$ cat target32.cif   # mmCIF, C-alpha atoms
data_work
loop_
_atom_site.group_PDB
_atom_site.id
_atom_site.type_symbol
_atom_site.label_atom_id
_atom_site.label_comp_id
_atom_site.auth_asym_id
_atom_site.auth_seq_id
_atom_site.Cartn_x
_atom_site.Cartn_y
_atom_site.Cartn_z
ATOM 1 C CA MET A 90 0.000 0.000 0.000
ATOM 2 C CA GLU A 91 1.157 3.489 -0.798
ATOM 3 C CA ASP A 92 0.914 6.248 1.742
ATOM 4 C CA ALA A 93 -0.498 9.425 0.298
ATOM 5 C CA SER A 94 -0.977 12.547 2.351
ATOM 6 C CA PRO A 95 -3.866 14.916 1.663
ATOM 7 C CA PRO A 96 -3.421 17.154 -1.392
ATOM 8 C CA LEU A 97 -1.482 20.342 -0.838
ATOM 9 C CA LEU A 98 -2.855 23.575 -2.263
ATOM 10 C CA ASN A 99 0.520 25.282 -2.050
ATOM 11 C CA ASN A 100 4.098 24.123 -1.853
ATOM 12 C CA SER A 101 4.854 25.294 1.661
ATOM 13 C CA LYS A 102 7.519 22.652 2.212
ATOM 14 C CA PRO A 103 11.047 23.216 0.881
ATOM 15 C CA HIS A 104 11.334 19.793 -0.784
ATOM 16 C CA LEU A 105 8.082 20.388 -2.686
ATOM 17 C CA GLU A 106 9.410 23.734 -3.877
ATOM 18 C CA LYS A 107 12.489 21.940 -5.139
ATOM 19 C CA LEU A 108 10.433 19.144 -6.660
ATOM 20 C CA THR A 109 8.180 21.471 -8.665
ATOM 21 C CA LEU A 110 10.994 23.879 -9.617
ATOM 22 C CA GLY A 111 8.806 26.744 -8.403
ATOM 23 C CA VAL A 112 6.227 26.252 -11.157
ATOM 24 C CA THR A 113 3.331 26.518 -8.693
ATOM 25 C CA ARG A 114 4.034 30.220 -8.210
ATOM 26 C CA ILE A 115 3.934 30.732 -11.972
ATOM 27 C CA LEU A 116 0.609 28.934 -12.245
ATOM 28 C CA GLU A 117 -0.973 30.690 -9.286
ATOM 29 C CA SER A 118 -0.090 34.065 -10.814
ATOM 30 C CA SER A 119 -1.583 33.147 -14.205
ATOM 31 C CA PRO A 120 -5.061 34.550 -15.017
ATOM 32 C CA GLY A 121 -7.947 32.175 -14.403
ATOM 33 C CA VAL A 122 -5.827 29.456 -12.800
ATOM 34 C CA THR A 123 -7.234 27.993 -9.619
ATOM 35 C CA GLU A 124 -6.780 24.963 -7.356
ATOM 36 C CA VAL A 125 -3.111 24.188 -7.979
ATOM 37 C CA THR A 126 -2.846 20.873 -6.163
ATOM 38 C CA ILE A 127 0.079 18.585 -5.361
ATOM 39 C CA ILE A 128 -0.482 15.135 -3.903
ATOM 40 C CA GLU A 129 2.395 14.664 -1.487
ATOM 41 C CA LYS A 130 3.865 11.175 -1.434
ATOM 42 C CA ALA A 131 6.363 9.685 0.954
ATOM 43 C CA PRO A 132 9.821 8.777 -0.380
ATOM 44 C CA ALA A 133 10.300 5.225 -1.567
ATOM 45 C CA GLU A 134 12.465 2.946 0.517
ATOM 46 C CA ARG A 135 15.606 1.476 -0.973
ATOM 47 C CA HIS A 136 14.348 -2.083 -0.641
ATOM 48 C CA MET A 137 11.413 -1.161 -2.901
ATOM 49 C CA ILE A 138 13.856 -0.102 -5.613
ATOM 50 C CA SER A 139 15.932 -3.263 -5.148
ATOM 51 C CA SER A 140 12.812 -5.427 -5.354
ATOM 52 C CA TRP A 141 11.770 -3.675 -8.582
ATOM 53 C CA GLU A 142 15.197 -4.245 -10.125
ATOM 54 C CA GLN A 143 15.226 -7.921 -9.210
ATOM 55 C CA LYS A 144 11.685 -8.453 -10.428
ATOM 56 C CA ASN A 145 12.291 -6.841 -13.819
ATOM 57 C CA ASN A 146 15.978 -7.754 -14.269
ATOM 58 C CA CYS A 147 16.765 -4.096 -14.920
ATOM 59 C CA VAL A 148 19.082 -1.626 -13.235
ATOM 60 C CA MET A 149 17.141 1.525 -12.434
ATOM 61 C CA PRO A 150 18.929 4.670 -13.732
ATOM 62 C CA GLU A 151 20.462 6.858 -11.055
ATOM 63 C CA ASP A 152 18.287 9.882 -11.811
ATOM 64 C CA VAL A 153 15.125 7.750 -11.637
ATOM 65 C CA LYS A 154 16.335 6.175 -8.416
ATOM 66 C CA ASN A 155 17.062 9.572 -6.856
ATOM 67 C CA PHE A 156 13.612 10.778 -7.870
ATOM 68 C CA TYR A 157 11.870 7.889 -6.126
ATOM 69 C CA LEU A 158 14.053 8.360 -3.050
ATOM 70 C CA MET A 159 12.597 11.867 -2.857
ATOM 71 C CA THR A 160 8.981 10.964 -3.625
ATOM 72 C CA ASN A 161 7.336 7.704 -4.615
ATOM 73 C CA GLY A 162 5.609 9.164 -7.661
ATOM 74 C CA PHE A 163 4.396 12.629 -8.542
ATOM 75 C CA HIS A 164 0.964 14.066 -9.270
ATOM 76 C CA MET A 165 0.184 17.755 -9.721
ATOM 77 C CA THR A 166 -2.995 19.239 -11.185
ATOM 78 C CA TRP A 167 -4.447 22.683 -11.803
ATOM 79 C CA ASN A 168 -7.789 23.998 -13.001
ATOM 80 C CA VAL A 169 -9.068 27.109 -14.749
ATOM 81 C CA LYS A 170 -12.197 29.096 -14.057
ATOM 82 C CA LEU A 171 -14.176 30.133 -17.138
ATOM 83 C CA ASP A 172 -17.630 31.696 -16.853
ATOM 84 C CA GLU A 173 -18.048 30.473 -13.294
ATOM 85 C CA HIS A 174 -17.173 26.929 -14.364
ATOM 86 C CA ILE A 175 -14.133 25.069 -13.023
ATOM 87 C CA ILE A 176 -12.378 23.119 -15.787
ATOM 88 C CA PRO A 177 -9.577 20.599 -15.009
ATOM 89 C CA LEU A 178 -6.711 21.441 -17.336
ATOM 90 C CA GLY A 179 -3.106 20.756 -16.315
ATOM 91 C CA SER A 180 -1.909 17.372 -15.111
ATOM 92 C CA MET A 181 1.641 16.221 -14.358
ATOM 93 C CA THR A 182 2.112 12.601 -13.374
ATOM 94 C CA ILE A 183 4.952 10.173 -12.722
ATOM 95 C CA ASN A 184 3.804 6.689 -11.721
ATOM 96 C CA SER A 185 4.881 5.263 -8.397
ATOM 97 C CA ILE A 186 7.219 2.278 -8.276
ATOM 98 C CA SER A 187 4.322 -0.153 -7.850
ATOM 99 C CA LYS A 188 2.733 1.209 -11.043
ATOM 100 C CA LEU A 189 5.994 1.259 -12.987
ATOM 101 C CA THR A 190 5.030 -1.942 -14.802
ATOM 102 C CA GLN A 191 6.139 -3.405 -18.097
ATOM 103 C CA LEU A 192 4.037 -2.322 -21.037
ATOM 104 C CA ASN A 193 4.859 -5.123 -23.431
ATOM 105 C CA HIS A 194 3.642 -7.852 -21.091
ATOM 106 C CA SER A 195 0.043 -6.703 -21.135
ATOM 107 C CA SER A 196 -2.606 -8.109 -23.471
ATOM 108 C CA MET A 197 -4.965 -5.999 -25.508
ATOM 109 C CA TYR A 198 -7.959 -8.003 -24.347
ATOM 110 C CA SER A 199 -8.752 -10.028 -21.239
ATOM 111 C CA LEU A 200 -9.406 -13.186 -23.244
ATOM 112 C CA PRO A 201 -7.396 -16.411 -23.395
ATOM 113 C CA ASN A 202 -4.688 -16.351 -26.054
ATOM 114 C CA ALA A 203 -5.446 -12.702 -26.713
ATOM 115 C CA PRO A 204 -2.983 -10.820 -28.932
ATOM 116 C CA THR A 205 -0.290 -8.773 -27.225
ATOM 117 C CA LEU A 206 1.508 -5.623 -28.312
ATOM 118 C CA ALA A 207 4.340 -7.791 -29.635
ATOM 119 C CA ASP A 208 1.910 -9.207 -32.193
ATOM 120 C CA LEU A 209 1.492 -5.700 -33.580
ATOM 121 C CA GLU A 210 5.217 -5.152 -34.035
ATOM 122 C CA ASP A 211 5.881 -3.078 -37.154
ATOM 123 C CA ASP A 212 9.428 -2.742 -38.472
ATOM 124 C CA THR A 213 8.564 -0.088 -41.054
ATOM 125 C CA GLN A 214 9.528 2.667 -38.596
ATOM 126 C CA GLU A 215 13.275 2.545 -38.819
ATOM 127 C CA ALA A 216 15.887 4.852 -37.353
ATOM 128 C CA ASN A 217 17.072 7.893 -39.271
ATOM 129 C CA GLU A 218 19.430 10.797 -38.767
ATOM 130 C CA ASP A 219 16.888 12.804 -36.758
ATOM 131 C CA GLN A 220 15.572 10.020 -34.549
ATOM 132 C CA PRO A 221 17.186 6.970 -32.951
ATOM 133 C CA GLU A 222 15.937 3.449 -33.433
ATOM 134 C CA LYS A 223 12.427 3.086 -32.107
ATOM 135 C CA PRO A 224 11.549 0.723 -29.247
ATOM 136 C CA HIS A 225 10.164 -2.726 -29.923
ATOM 137 C CA PHE A 226 7.249 -4.443 -28.258
ATOM 138 C CA ASP A 227 9.018 -7.800 -28.343
ATOM 139 C CA SER A 228 11.999 -8.989 -26.287
ATOM 140 C CA ARG A 229 14.383 -6.526 -27.957
ATOM 141 C CA SER A 230 13.214 -3.746 -25.599
ATOM 142 C CA VAL A 231 11.947 -3.543 -22.050
ATOM 143 C CA ILE A 232 9.293 -0.831 -21.680
ATOM 144 C CA PHE A 233 7.797 0.675 -18.511
ATOM 145 C CA GLU A 234 4.906 3.126 -18.328
ATOM 146 C CA LEU A 235 5.680 6.414 -16.576
ATOM 147 C CA ASP A 236 2.483 8.283 -17.415
ATOM 148 C CA SER A 237 -0.801 7.335 -19.118
ATOM 149 C CA CYS A 238 -1.209 10.959 -20.313
ATOM 150 C CA SER A 239 -4.923 11.002 -19.451
ATOM 151 C CA GLY A 240 -5.649 8.537 -22.236
ATOM 152 C CA ASN A 241 -3.826 10.516 -24.951
ATOM 153 C CA GLY A 242 -0.925 8.073 -25.132
ATOM 154 C CA LYS A 243 1.813 6.769 -22.884
ATOM 155 C CA VAL A 244 5.173 8.146 -21.789
ATOM 156 C CA CYS A 245 7.536 5.222 -21.343
ATOM 157 C CA LEU A 246 10.890 4.458 -19.798
ATOM 158 C CA VAL A 247 12.543 2.281 -22.441
ATOM 159 C CA TYR A 248 15.507 -0.051 -21.999
ATOM 160 C CA LYS A 249 17.070 -0.514 -25.421
ATOM 161 C CA ASN A 250 18.332 -3.970 -26.402
ATOM 162 C CA GLY A 251 17.591 -5.157 -22.919
ATOM 163 C CA LYS A 252 18.745 -8.564 -21.856
ATOM 164 C CA PRO A 253 17.799 -10.044 -18.490
ATOM 165 C CA GLY A 254 20.179 -8.776 -15.859
ATOM 166 C CA PHE A 255 21.949 -6.368 -18.214
ATOM 167 C CA ALA A 256 19.318 -3.735 -19.069
ATOM 168 C CA ARG A 257 20.878 -0.401 -18.116
ATOM 169 C CA ASP A 258 20.722 2.257 -20.830
ATOM 170 C CA THR A 259 17.355 4.002 -20.984
ATOM 171 C CA GLU A 260 15.509 6.591 -23.053
ATOM 172 C CA ILE A 261 12.156 8.328 -22.688
ATOM 173 C CA TRP A 262 9.681 7.782 -25.547
ATOM 174 C CA PHE A 263 6.077 8.751 -26.218
ATOM 175 C CA LEU A 264 3.688 6.119 -27.583
ATOM 176 C CA ASP A 265 0.679 7.741 -29.239
ATOM 177 C CA ARG A 266 -2.772 6.209 -29.514
ATOM 178 C CA ALA A 267 -1.979 4.834 -32.964
ATOM 179 C CA LEU A 268 0.940 2.885 -31.408
ATOM 180 C CA TYR A 269 3.629 4.987 -33.102
ATOM 181 C CA TRP A 270 6.772 5.874 -31.167
ATOM 182 C CA HIS A 271 8.150 9.396 -30.760
ATOM 183 C CA PHE A 272 11.486 10.115 -29.093
ATOM 184 C CA LEU A 273 11.407 12.613 -26.210
ATOM 185 C CA THR A 274 14.670 12.674 -24.244
ATOM 186 C CA ASP A 275 17.776 10.660 -23.404
ATOM 187 C CA THR A 276 17.328 10.868 -19.636
ATOM 188 C CA PHE A 277 14.555 10.931 -17.073
ATOM 189 C CA THR A 278 15.853 14.236 -15.679
ATOM 190 C CA ALA A 279 15.473 15.935 -19.062
ATOM 191 C CA TYR A 280 11.965 14.543 -19.427
ATOM 192 C CA TYR A 281 10.959 15.752 -15.971
ATOM 193 C CA ARG A 282 12.046 19.251 -16.927
ATOM 194 C CA LEU A 283 9.913 19.040 -20.061
ATOM 195 C CA LEU A 284 6.957 17.904 -17.975
ATOM 196 C CA ILE A 285 7.317 20.837 -15.591
ATOM 197 C CA THR A 286 8.065 23.524 -18.188
ATOM 198 C CA HIS A 287 5.071 22.484 -20.313
ATOM 199 C CA LEU A 288 2.883 22.951 -17.213
ATOM 200 C CA GLY A 289 1.143 19.626 -17.802
ATOM 201 C CA LEU A 290 -0.950 21.165 -20.589
ATOM 202 C CA PRO A 291 -3.225 18.720 -22.448
ATOM 203 C CA GLN A 292 -1.492 16.744 -25.202
ATOM 204 C CA TRP A 293 1.811 18.585 -24.750
ATOM 205 C CA GLN A 294 3.693 15.401 -25.677
ATOM 206 C CA TYR A 295 2.269 15.693 -29.206
ATOM 207 C CA ALA A 296 4.345 18.837 -29.690
ATOM 208 C CA PHE A 297 7.243 16.410 -30.203
ATOM 209 C CA THR A 298 5.476 14.484 -32.960
ATOM 210 C CA SER A 299 5.340 15.221 -36.683
ATOM 211 C CA TYR A 300 1.617 16.035 -36.545
ATOM 212 C CA GLY A 301 1.665 18.259 -33.468
ATOM 213 C CA ILE A 302 -1.059 19.082 -30.978
ATOM 214 C CA SER A 303 -4.770 19.346 -31.761
ATOM 215 C CA PRO A 304 -6.486 22.702 -32.542
ATOM 216 C CA GLN A 305 -8.232 22.627 -29.162
ATOM 217 C CA ALA A 306 -4.944 22.084 -27.345
ATOM 218 C CA LYS A 307 -3.404 24.961 -29.326
ATOM 219 C CA GLN A 308 -6.012 27.280 -27.819
ATOM 220 C CA TRP A 309 -4.918 26.287 -24.327
ATOM 221 C CA PHE A 310 -1.272 26.653 -25.340
ATOM 222 C CA SER A 311 -1.967 30.198 -26.534
ATOM 223 C CA MET A 312 -3.582 31.059 -23.190
ATOM 224 C CA TYR A 313 -1.039 29.347 -20.932
ATOM 225 C CA LYS A 314 2.178 29.141 -22.883
ATOM 226 C CA PRO A 315 4.828 26.699 -21.706
ATOM 227 C CA ILE A 316 7.851 28.190 -20.022
ATOM 228 C CA THR A 317 9.805 27.175 -23.093
ATOM 229 C CA TYR A 318 8.084 25.789 -26.163
ATOM 230 C CA ASN A 319 11.255 25.299 -28.238
ATOM 231 C CA THR A 320 13.417 22.830 -26.333
ATOM 232 C CA ASP A 321 16.463 23.715 -28.451
ATOM 233 C CA LEU A 322 16.579 27.063 -26.652
ATOM 234 C CA LEU A 323 17.207 25.372 -23.306
ATOM 235 C CA THR A 324 20.904 25.061 -24.075
ATOM 236 C CA GLU A 325 21.350 28.425 -25.757
ATOM 237 C CA ASP A 326 22.421 31.701 -24.216
ATOM 238 C CA THR A 327 19.812 34.050 -22.846
ATOM 239 C CA ASP A 328 20.712 36.506 -25.599
ATOM 240 C CA SER A 329 18.825 34.273 -28.013
ATOM 241 C CA PHE A 330 15.569 35.466 -26.445
ATOM 242 C CA VAL A 331 16.382 39.160 -27.020
ATOM 243 C CA ASN A 332 14.730 40.835 -29.971
ATOM 244 C CA LYS A 333 17.625 42.187 -32.019
ATOM 245 C CA LEU A 334 15.410 43.951 -34.558
ATOM 246 C CA ASP A 335 16.909 47.206 -35.861
ATOM 247 C CA PRO A 336 14.012 49.567 -36.753
ATOM 248 C CA SER A 337 16.332 51.925 -38.629
ATOM 249 C CA LYS A 338 17.065 49.144 -41.097
ATOM 250 C CA VAL A 339 13.579 47.690 -41.327
ATOM 251 C CA PHE A 340 11.777 50.981 -41.890
ATOM 252 C CA MET A 341 14.431 52.717 -43.971
ATOM 253 C CA SER A 342 13.406 54.420 -47.233
ATOM 254 C CA LYS A 343 13.048 52.228 -50.266
ATOM 255 C CA ASP A 344 14.967 54.777 -52.401
ATOM 256 C CA LYS A 345 18.247 53.129 -53.203
ATOM 257 C CA ALA A 346 21.446 55.134 -53.329
ATOM 258 C CA LEU A 347 22.974 55.406 -56.763
ATOM 259 C CA ILE A 348 26.126 53.373 -57.132
ATOM 260 C CA PRO A 349 28.701 55.167 -59.318
ATOM 261 C CA LYS A 350 29.713 53.100 -62.270
ATOM 262 C CA LYS A 351 33.145 52.857 -63.762
ATOM 263 C CA LYS A 352 33.599 55.524 -66.412
ATOM 264 C CA GLY A 353 34.296 54.336 -69.910
ATOM 265 C CA PRO A 354 34.851 56.084 -73.258
ATOM 266 C CA VAL A 355 32.391 58.931 -73.710
ATOM 267 C CA GLN A 356 29.976 58.136 -76.510
ATOM 268 C CA PRO A 357 28.161 60.921 -78.403
ATOM 269 C CA SER A 358 24.493 61.086 -77.702
ATOM 270 C CA VAL A 359 21.937 60.218 -80.321
ATOM 271 C CA ILE A 360 20.759 63.823 -80.555
ATOM 272 C CA GLU A 361 24.288 65.172 -81.105
ATOM 273 C CA ALA A 362 24.961 62.542 -83.760
ATOM 274 C CA HIS A 363 21.694 63.370 -85.482
ATOM 275 C CA GLU A 364 22.481 67.098 -85.511
ATOM 276 C CA ARG A 365 25.911 66.514 -86.996
ATOM 277 C CA MET A 366 24.536 64.282 -89.709
ATOM 278 C CA THR A 367 21.707 66.645 -90.684
ATOM 279 C CA SER A 368 24.237 69.466 -91.032
ATOM 280 C CA VAL A 369 26.184 67.575 -93.723
ATOM 281 C CA LEU A 370 23.358 65.727 -95.470
ATOM 282 C CA PRO A 371 21.297 67.388 -98.216
ATOM 283 C CA THR A 372 18.118 69.018 -97.061
ATOM 284 C CA CYS A 373 16.094 66.620 -99.174
ATOM 285 C CA THR A 374 17.224 63.652 -97.111
ATOM 286 C CA THR A 375 14.185 61.844 -95.859
ATOM 287 C CA SER A 376 13.767 60.245 -92.497
ATOM 288 C CA ARG A 377 13.798 56.854 -94.217
ATOM 289 C CA SER A 378 17.217 57.459 -95.749
ATOM 290 C CA LEU A 379 18.416 58.838 -92.414
ATOM 291 C CA ARG A 380 17.539 55.561 -90.670
ATOM 292 C CA LYS A 381 19.527 53.662 -93.294
ATOM 293 C CA THR A 382 22.626 55.806 -92.725
ATOM 294 C CA LYS A 383 25.294 54.201 -90.554
ATOM 295 C CA MET A 384 25.492 55.936 -87.183
ATOM 296 C CA PRO A 385 28.964 56.867 -85.918
ATOM 297 C CA PHE A 386 28.377 55.266 -82.424
ATOM 298 C CA HIS A 387 27.582 51.827 -83.826
#

$ encode --input "target32.cif" --output "C-alpha cells"
Amino acid sequence: MEDASPPLLNNSKPHLEKLTLGVTRILESSPGVTEVTIIEKAPAERHMISSWEQKNNCVMPEDVKNFYLMTNGFHMTWNVKLDEHIIPLGSMTINSISKLTQLNHSSMYSLPNAPTLADLEDDTQEANEDQPEKPHFDSRSVIFELDSCSGNGKVCLVYKNGKPGFARDTEIWFLDRALYWHFLTDTFTAYYRLLITHLGLPQWQYAFTSYGISPQAKQWFSMYKPITYNTDLLTEDTDSFVNKLDPSKVFMSKDKALIPKKKGPVQPSVIEAHERMTSVLPTCTTSRSLRKTKMPFH
C-alpha cells in the first residue's frame, strides 16, 4: 500500500518547492488558474527499488532512483475558471514504483490467447538521422509506463536492447494512440524538466510528434504558454531570447542610393549625332534614308 498525504494547495515545504521547480508560483499568478494541487507522497524505501530491479531484471537509472528516493511518484494538477465553471486542465504525473510496470507484457484483451503488443510489431519505422531506433514491443526492448497521459498516449521508460540482468541504458519515448513511437529525451531528468516547463498542458507530448497538438490544445497553449516551447533554446544563451530587430534598417526608405559606375569612353548622344549628320546631309534627305545611314556610335 502506498501512503499518500492529503493534497497540498501550495508548496509550503522546501522539498516540494524543489520538486516542482517553483512552477506553482507561476501557475498561481496566471489569469484564471485555480486549485493548484500537489499530492504529497512519501519517499520510496531502498528495498522497494531493489525489489523492482530484481523483479524486472533491470538496473534503475540513477536519476530515476534519486527521484523515487525523494517521492514515490508525482501528481500535480491545476484547473481554470471560465464563466463560473471550473475546468480541469493541467496534469503532471509520474507513476509510483508499484505502477511502474512493463508495457509489453500486457494483453490488448482479457481473453485467453489474446494478442499482445508484440503481435502488432511493425518494423517499417526505422531509425534515421533525426531520430534513434524506435523501441520494440518484443523482447528486444523492455518498456515501462511512466504516465498514461490522461488517455492521450503513454510516456515510457525504455531499456534498449535489454537482456535479463543487463538492461541499463534508458531513453524516454512517447507512444501515441496509434501505437507509433516518438522520441522525447535521453534521460529521465530531461523529461521531468519538459513535464514541468510544459505545465502539464493537455497533449503537450504531441508537440514532439510530426503532426503536433490538436487545434483545441493549441487554444490552451496560446492562453497558458509553456515556459519554453522550443526545447532547443534550453541550451542556448539568454541573448537568443532578445529581440535584435533594428528599426532603422527595417523601416528605412526604399529609395536606393545610386552606385557610381566605372567611367568608360564617352559616346556621343543620339541627338548630337543626329544634328551633326543633318548638317552635312542634303536638305532633301528623308527620315527613311536617315535611318539607313550608318550611325557613328555603332

$ resolve_selection --input "target32.cif" --expression "the PyMOL selection byres ((chain A and resi 116) around 12)" --output "PDB file with C-alpha atoms, keeping the file's coordinate frame"
ATOM      1  CA  LEU A  98      -2.855  23.575  -2.263  1.00  0.00           C
ATOM      2  CA  ASN A  99       0.520  25.282  -2.050  1.00  0.00           C
ATOM      3  CA  ASN A 100       4.098  24.123  -1.853  1.00  0.00           C
ATOM      4  CA  THR A 109       8.180  21.471  -8.665  1.00  0.00           C
ATOM      5  CA  LEU A 110      10.994  23.879  -9.617  1.00  0.00           C
ATOM      6  CA  GLY A 111       8.806  26.744  -8.403  1.00  0.00           C
ATOM      7  CA  VAL A 112       6.227  26.252 -11.157  1.00  0.00           C
ATOM      8  CA  THR A 113       3.331  26.518  -8.693  1.00  0.00           C
ATOM      9  CA  ARG A 114       4.034  30.220  -8.210  1.00  0.00           C
ATOM     10  CA  ILE A 115       3.934  30.732 -11.972  1.00  0.00           C
ATOM     11  CA  GLU A 117      -0.973  30.690  -9.286  1.00  0.00           C
ATOM     12  CA  SER A 118      -0.090  34.065 -10.814  1.00  0.00           C
ATOM     13  CA  SER A 119      -1.583  33.147 -14.205  1.00  0.00           C
ATOM     14  CA  PRO A 120      -5.061  34.550 -15.017  1.00  0.00           C
ATOM     15  CA  GLY A 121      -7.947  32.175 -14.403  1.00  0.00           C
ATOM     16  CA  VAL A 122      -5.827  29.456 -12.800  1.00  0.00           C
ATOM     17  CA  THR A 123      -7.234  27.993  -9.619  1.00  0.00           C
ATOM     18  CA  GLU A 124      -6.780  24.963  -7.356  1.00  0.00           C
ATOM     19  CA  VAL A 125      -3.111  24.188  -7.979  1.00  0.00           C
ATOM     20  CA  THR A 126      -2.846  20.873  -6.163  1.00  0.00           C
ATOM     21  CA  MET A 165       0.184  17.755  -9.721  1.00  0.00           C
ATOM     22  CA  THR A 166      -2.995  19.239 -11.185  1.00  0.00           C
ATOM     23  CA  TRP A 167      -4.447  22.683 -11.803  1.00  0.00           C
ATOM     24  CA  ASN A 168      -7.789  23.998 -13.001  1.00  0.00           C
ATOM     25  CA  VAL A 169      -9.068  27.109 -14.749  1.00  0.00           C
ATOM     26  CA  LEU A 178      -6.711  21.441 -17.336  1.00  0.00           C
ATOM     27  CA  GLY A 179      -3.106  20.756 -16.315  1.00  0.00           C
ATOM     28  CA  ILE A 285       7.317  20.837 -15.591  1.00  0.00           C
ATOM     29  CA  THR A 286       8.065  23.524 -18.188  1.00  0.00           C
ATOM     30  CA  HIS A 287       5.071  22.484 -20.313  1.00  0.00           C
ATOM     31  CA  LEU A 288       2.883  22.951 -17.213  1.00  0.00           C
ATOM     32  CA  GLY A 289       1.143  19.626 -17.802  1.00  0.00           C
ATOM     33  CA  LEU A 290      -0.950  21.165 -20.589  1.00  0.00           C
ATOM     34  CA  MET A 312      -3.582  31.059 -23.190  1.00  0.00           C
ATOM     35  CA  TYR A 313      -1.039  29.347 -20.932  1.00  0.00           C
ATOM     36  CA  LYS A 314       2.178  29.141 -22.883  1.00  0.00           C
ATOM     37  CA  PRO A 315       4.828  26.699 -21.706  1.00  0.00           C
ATOM     38  CA  ILE A 316       7.851  28.190 -20.022  1.00  0.00           C
TER      39      ILE A 316
END

$ atom_distance --input "target32.cif" --atom1 "CA of Gln305 in chain A" --atom2 "CA of Ser239 in chain A"
15.5 Å

$ closest_residue --input "target32.cif" --among "A:Lys223, A:Lys249, A:Arg135, A:Lys243" --to "Phe156 in chain A" --atoms "only C-alpha atoms"
A:Arg135

$ resolve_selection --input "target32.cif" --expression "the PyMOL selection byres ((chain A and resi 132) around 9)" --output "CSV table (one decimal) with C-alpha atoms, in the coordinates of the input"
chain,number,residue,atom,x,y,z
A,130,LYS,CA,3.9,11.2,-1.4
A,131,ALA,CA,6.4,9.7,1.0
A,133,ALA,CA,10.3,5.2,-1.6
A,134,GLU,CA,12.5,2.9,0.5
A,156,PHE,CA,13.6,10.8,-7.9
A,157,TYR,CA,11.9,7.9,-6.1
A,158,LEU,CA,14.1,8.4,-3.0
A,159,MET,CA,12.6,11.9,-2.9
A,160,THR,CA,9.0,11.0,-3.6
A,161,ASN,CA,7.3,7.7,-4.6
A,162,GLY,CA,5.6,9.2,-7.7

$ atom_distance --input "target32.cif" --atom1 "CA of Leu189 in chain A" --atom2 "CA of Ala306 in chain A"
27.6 Å

$ closest_residue --input "target32.cif" --among "A:Pro304, A:Leu192, A:Ser140, A:Asn241" --to "Ser228 in chain A" --atoms "all atoms listed in the file"
A:Leu192

$ atom_distance --input "target32.cif" --atom1 "CA of Ile232 in chain A" --atom2 "CA of Asn145 in chain A"
10.3 Å

$ resolve_selection --input "target32.cif" --expression "the PyMOL selection byres ((chain A and resi 296) around 12)" --output "short mmCIF file (atom, residue, chain, number, x, y, z; two decimals) with C-alpha atoms, in the coordinates of the input"
data_model
loop_
_atom_site.label_atom_id
_atom_site.label_comp_id
_atom_site.auth_asym_id
_atom_site.auth_seq_id
_atom_site.Cartn_x
_atom_site.Cartn_y
_atom_site.Cartn_z
CA PHE A 263 6.08 8.75 -26.22
CA ASP A 265 0.68 7.74 -29.24
CA HIS A 271 8.15 9.40 -30.76
CA PHE A 272 11.49 10.12 -29.09
CA LEU A 273 11.41 12.61 -26.21
CA LEU A 283 9.91 19.04 -20.06
CA HIS A 287 5.07 22.48 -20.31
CA LEU A 290 -0.95 21.16 -20.59
CA PRO A 291 -3.22 18.72 -22.45
CA GLN A 292 -1.49 16.74 -25.20
CA TRP A 293 1.81 18.58 -24.75
CA GLN A 294 3.69 15.40 -25.68
CA TYR A 295 2.27 15.69 -29.21
CA PHE A 297 7.24 16.41 -30.20
CA THR A 298 5.48 14.48 -32.96
CA SER A 299 5.34 15.22 -36.68
CA TYR A 300 1.62 16.04 -36.54
CA GLY A 301 1.66 18.26 -33.47
CA ILE A 302 -1.06 19.08 -30.98
CA SER A 303 -4.77 19.35 -31.76
CA PRO A 304 -6.49 22.70 -32.54
CA ALA A 306 -4.94 22.08 -27.34
CA LYS A 307 -3.40 24.96 -29.33
CA PHE A 310 -1.27 26.65 -25.34
CA PRO A 315 4.83 26.70 -21.71
CA THR A 317 9.80 27.18 -23.09
CA TYR A 318 8.08 25.79 -26.16
CA ASN A 319 11.26 25.30 -28.24
CA THR A 320 13.42 22.83 -26.33
#

$ closest_residue --input "target32.cif" --among "A:Ile127, A:Val231, A:Leu268, A:Ile138" --to "Val153 in chain A" --atoms "all atoms listed in the file"
A:Ile138

$ closest_residue --input "target32.cif" --among "A:Ile183, A:Phe163, A:Glu106, A:Thr190" --to "Trp141 in chain A" --atoms "all atoms listed in the file"
A:Thr190

$ axis_aligned_box --input "target32.cif" --around "range 132-138 of chain A" --padding-each-side "5 Å" --output "lines of an AutoDock Vina configuration file"
center_x = 12.7
center_y = 3.3
center_z = -2.5
size_x = 15.8
size_y = 20.9
size_z = 16.1

$ closest_residue --input "target32.cif" --among "A:Ala267, A:Leu246, A:Leu235, A:Met181" --to "Pro150 in chain A" --atoms "all atoms listed in the file"
A:Leu246

$ closest_residue --input "target32.cif" --among "A:Pro221, A:Trp270, A:His136, A:Asn184" --to "Glu234 in chain A" --atoms "all atoms listed in the file"
A:Asn184

$ residues_near_point --input "target32.cif" --point "(7.8, -1.7, -6.5)" --cutoff "6 Å" --atoms "only C-alpha atoms" --output "short mmCIF file (atom, residue, chain, number, x, y, z; two decimals) with C-alpha atoms, keeping the file's coordinate frame"
data_model
loop_
_atom_site.label_atom_id
_atom_site.label_comp_id
_atom_site.auth_asym_id
_atom_site.auth_seq_id
_atom_site.Cartn_x
_atom_site.Cartn_y
_atom_site.Cartn_z
CA MET A 137 11.41 -1.16 -2.90
CA TRP A 141 11.77 -3.68 -8.58
CA ILE A 186 7.22 2.28 -8.28
CA SER A 187 4.32 -0.15 -7.85
#
